[in-house]
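Comments concern the structure below.
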Amino acid sequence: MSTTFRAGALALAVGAALGTTPAYAFDDDAAVEEVEKIVVVGSRAAPRSIADSAVPVDIVGGDELGKSASSDMLDQLVSSVPSFNVRAQPISDAATLIRPVNLRGLSSDSTLVLVNGKRRHRASVIAFQGGGVNDGAQGPDISVIPSVALKQVEVLRDGAAAQYGSDAIAGVMNFVLKDDADGGSLSIKRGEFYEGDGATTTVDGNIGLPFTDDGSVNLSFQYKQADATSRSVQRADAQGLFDAGNSAIQNPAQIWGNPEIDDDITLFGNVKLDLGDDKEFYLFGNYAERDVTGGFYYRNPHNRSNVYSIDGGQTLLVGDVAQATQGAERTCAVVPANVPNVLNTQAYLDMVADPNCFSMNQIFPGGYTPQFGGNITDTSLTAGVKGDIQSGILEDWFFDLSGSVGRNESDFFLKNTLNPSLGLSTPVDFDTGKYIQLEKTFNFDLVKGVDIGLEEPLNVATGIEFREESFEIIAGEEASWIAGPYADQGFNIGSHGFAGFSPDAAGRNDRRNWAAYVDLEAYLTEDFMVGGALRWEDFTTFGSTTNYKLTAQYSLTEEVSLRASTSTGFRAPTVGQANVVNTATSLVNGELIQSFTAPPTDPLAAFYGGTELQPEESESYAAGLVYSSGDFFLTIDVYNIEVEDRIAQSSQISVRPQDYDELRALGVQNPELISAVTYFANNFDTTTRGVDIVANYSMSLMGGDTQFSLAYNFNETEVDSRDPIIDPISGNPVLDDNGELQFVTTDGKVRRLEEGMPDHRATFTVSQTWDEVAAFVRLNYFGEYYAVHADDTSEQFSETADAAVTVDLEASYFINDMFTVSIGASNIFDQEAEELQNGVPEILGGQYYESGPFDYNGGFYYAKLTYNF
């Protein structure tokens, strides 16, 4: 086999791995190098699509990602890829620790994430309050990948389950690590918000080293500290208590803003070694760890249910020691709580003086606001060998044999709260347990160009994959989950706000699957390329599935080409979604309730309609136009994605008093202390439609080089059908007071899915470079969207938010070949997020809707010094 063909085969192998296999019509080595550059290296301009691909791909260079106020990969990608979205999660349980993302309006676990073309493991956190689209999603933690470690990011905006398997319904994101054998960089960046908070310091570096004479070791690190922010206002109920003389009230009573991030360290390594004989060994991996501490909602000391009261604040919940410990008759008197300040009433003082009686006011007289956080640890390692097979039955095939292991651990804690059922002996800080996600993947891939008399050789790719995935729950300390002696008196069980995982909930669940695929691609004529892929996958939990993909590209002229694709896909329910247990606080109609998430087959969930999860199934169609002429590049792509049996967390289903006895008989403990239950279900179908427009133009202007970049996305989702709630007693659909069907996916959640993100999203960037100075300005447009606070879709706490434009700006001065200083700002004109309606801030303690598409914290400015060597 010729050197020319081996290089082309390598490019095709990488292209097959990325779903971006290019044309390789060439006659000389120079053309080969250009093809390889497009596929393997790509353009460093952002955004950039591969013109020769039958599906749209954006290429974002690592240097471009670094041109951002944020050091978080999620925020950097939002600025570069308009169909990619992520939101801040100020008070959202575990979603605060690992923010979920979405591509093309689908959940974070509908986008497959690769590093160097290999599947990335999921995060252990499940987004129980994920902002509508991501409710219950369990995707990878992209934030641990620093831009300093990256050569580029490739975003395939098309369904690709037939090529990669589960999760690739919306598309694929491939993070390509740097592999230089020399040189490097070291930088420090410092910034804070215009409000004077959220100060962030980031130090990162990269170095390339030779590994013997035939290899390279590329090492990267990032260390970050970020202070919390506060966009809070004092709650009206807390202010009223303070005015009435309760001196224990804090101002503000709760902090509503970004969490505090401590000791955020990430290490990445990428090793390559030429083994000779056209073979290469590779090894890459990471270690990352961070501590995140966020806030919860304020607990009012007069009326917080099952802590301070059980009758809506009419009277205090008073514990009787003798009744709990000796079974004696209750002797504690009633203490009225519907007063300005219960602490100075005689009834309260008499109760405190009685050693047999107590209330939680004696621990937290001003109420309390729990602090929720965790230690997140993420590790991965991939090793493999690839190259040409030069003898045997597979002679002239290019192979890639690899194995990967990835682990993500979330160790949760809760501070400044209590386990009310333990009475006055309760601790106030709790270790609530852990989630651990562990994945192992083994791949063997082959690719070869086969001459069958067509314009170019038929590219044949095939391979097999084995994966094992486990989700483990580690129990928290006993005080975080135990039902204390006062549970029967109405006191809440477990650490309030986020109950610890009990030994009954703890355990590990596993799933294994095998997959095999074949992928064919050929030029039928010089201008017409077609491709097809078929993948079979078998899971130990729910059986097998087979999916296909067909692609085509036709060049009308040297400047204009058309492309199209159609595919089926699937997303397997994660092991975590099928087995997770969680107790958290939800906001419904402005009231905090205790909501329990149970596995769908758990007796409590099954009683209210839960069943074993099945895979989502999808069908995608896409068509596009590519125009390239000189320094101008344009792509227009339309798409349609239909998803059936979509998996999501159900809405809160009330646990009814008339069901208590039957639930106890099924083994549910203390059902009277559970306000509502949620579970994961295949409970609705959706159709997502959209248009992507990407354009770039380069020219000489003002004595320097200028580049204009425009990216626009229109995306809308429609819920086609949804399942009704079934009454567990009669087996009939449940009707509301007006005789209307009640659905597992409520009207409010449907509206969040359909309108919760802007239909229109665009960025326009102008970059200018001179010999000693470089600068860019970026305009970000966000269309109207349905704004919601804390997942509460009632009319008072939601509305349609206005469109907005934010502006980012950065300027860099090259002091010399080694040192560069940069200053810049995101949202430089301090465009405000949508404010809550009149009266609502004083109820919730926050100023803005948390579901907005851009940072509610306002403008952020920064300075950065970089040393290149």
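Ligands are numbered from 1 in the order shown, residues from 1 within each chain, and chains are lettered A, B, ... in the order they appear in the structure tokens.
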
Identify, on the basis of only C-alpha atoms, every residue whose closest approach to A:Ser502 does not exceed 7 Å; exclude the query and any residue fewer than 4 positions from it along the same chain; express the result as a short mmCIF file (atom, residue, chain, number, x, y, z; two decimals) with N, CA and C atoms, in the first residue's frame.
```cif
data_model
loop_
_atom_site.label_atom_id
_atom_site.label_comp_id
_atom_site.auth_asym_id
_atom_site.auth_seq_id
_atom_site.Cartn_x
_atom_site.Cartn_y
_atom_site.Cartn_z
N ALA A 475 -24.00 5.31 51.52
CA ALA A 475 -24.84 5.87 52.57
C ALA A 475 -24.16 7.03 53.28
N GLY A 476 -24.96 7.99 53.72
CA GLY A 476 -24.45 9.09 54.52
C GLY A 476 -24.34 8.69 55.98
N TRP A 481 -29.95 10.44 57.84
CA TRP A 481 -31.08 9.71 57.27
C TRP A 481 -32.00 9.04 58.29
N ALA A 506 -28.54 2.60 49.71
CA ALA A 506 -27.18 2.42 49.22
C ALA A 506 -27.06 1.13 48.42
#
```

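For the residues A:Val60, A:Leu534, A:Val339, A:Leu414, ranking by smallest atom-to-atom distance to A:His496 using only C-alpha atoms places A:Leu414 first.
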
- Task: Within 8 Å of stretch 608-624 of chain A, counting only C-alpha atoms, which residues show up once you throw out same-chain ones fewer than 6 positions away? Write them as a PyMOL selection string, please.
- Result: chain A and resi 158-159+169+542+562-573+578+600-602+635-647+653+679-682+725-728

- Test item, alpha helix (DSSP H) assignment across stretch 113-262 of chain A, answer as a list in words: Ala161, Ala162, Gln163, Tyr164, Ala236, Asp237, Ala238, Gln239, Gly240, Leu241, Phe242 and Asp243 of chain A

Preceding selection exported with N, CA and C atoms as an mmCIF file, in the first residue's frame:
```
data_model
loop_
_atom_site.group_PDB
_atom_site.id
_atom_site.type_symbol
_atom_site.label_atom_id
_atom_site.label_comp_id
_atom_site.auth_asym_id
_atom_site.auth_seq_id
_atom_site.Cartn_x
_atom_site.Cartn_y
_atom_site.Cartn_z
ATOM 1 N N ALA A 161 -26.185 8.199 16.500
ATOM 2 C CA ALA A 161 -26.255 6.982 17.306
ATOM 3 C C ALA A 161 -25.844 5.750 16.518
ATOM 4 N N ALA A 162 -26.070 5.750 15.206
ATOM 5 C CA ALA A 162 -25.682 4.591 14.397
ATOM 6 C C ALA A 162 -24.167 4.448 14.317
ATOM 7 N N GLN A 163 -23.442 5.520 14.575
ATOM 8 C CA GLN A 163 -21.985 5.455 14.546
ATOM 9 C C GLN A 163 -21.386 5.229 15.937
ATOM 10 N N TYR A 164 -22.018 5.850 16.960
ATOM 11 C CA TYR A 164 -21.420 5.835 18.294
ATOM 12 C C TYR A 164 -22.229 5.117 19.348
ATOM 13 N N ALA A 236 -39.520 39.115 52.585
ATOM 14 C CA ALA A 236 -40.498 39.877 53.365
ATOM 15 C C ALA A 236 -40.800 39.190 54.691
ATOM 16 N N ASP A 237 -40.886 37.851 54.685
ATOM 17 C CA ASP A 237 -41.204 37.172 55.943
ATOM 18 C C ASP A 237 -40.069 37.320 56.947
ATOM 19 N N ALA A 238 -38.809 37.254 56.471
ATOM 20 C CA ALA A 238 -37.677 37.433 57.374
ATOM 21 C C ALA A 238 -37.615 38.865 57.894
ATOM 22 N N GLN A 239 -37.891 39.837 57.022
ATOM 23 C CA GLN A 239 -37.872 41.234 57.453
ATOM 24 C C GLN A 239 -38.961 41.486 58.495
ATOM 25 N N GLY A 240 -40.123 40.875 58.291
ATOM 26 C CA GLY A 240 -41.211 41.038 59.256
ATOM 27 C C GLY A 240 -40.841 40.496 60.622
ATOM 28 N N LEU A 241 -40.180 39.360 60.657
ATOM 29 C CA LEU A 241 -39.743 38.795 61.930
ATOM 30 C C LEU A 241 -38.702 39.692 62.595
ATOM 31 N N PHE A 242 -37.791 40.242 61.795
ATOM 32 C CA PHE A 242 -36.775 41.131 62.343
ATOM 33 C C PHE A 242 -37.426 42.396 62.928
ATOM 34 N N ASP A 243 -38.380 42.957 62.188
ATOM 35 C CA ASP A 243 -39.069 44.158 62.670
ATOM 36 C C ASP A 243 -39.837 43.892 63.953
#
```

- Task: Using DSSP on the backbone, list every residue of stretch 73-311 of chain A that comes out as strand (DSSP E), and give them as a ChimeraX atom specification.
- Result: /A:84-86,101-103,111-115,118-119,150-156,171-177,184-193,200-210,215-226,260-276,279-295

- Item | Residues near A:Thr202, cut-off 12 Å, only C-alpha atoms, skip fewer than 4 positions along chain, as a ChimeraX atom specification | /A:66,69-72,146-148,186-192,221-227,261-266,862-866
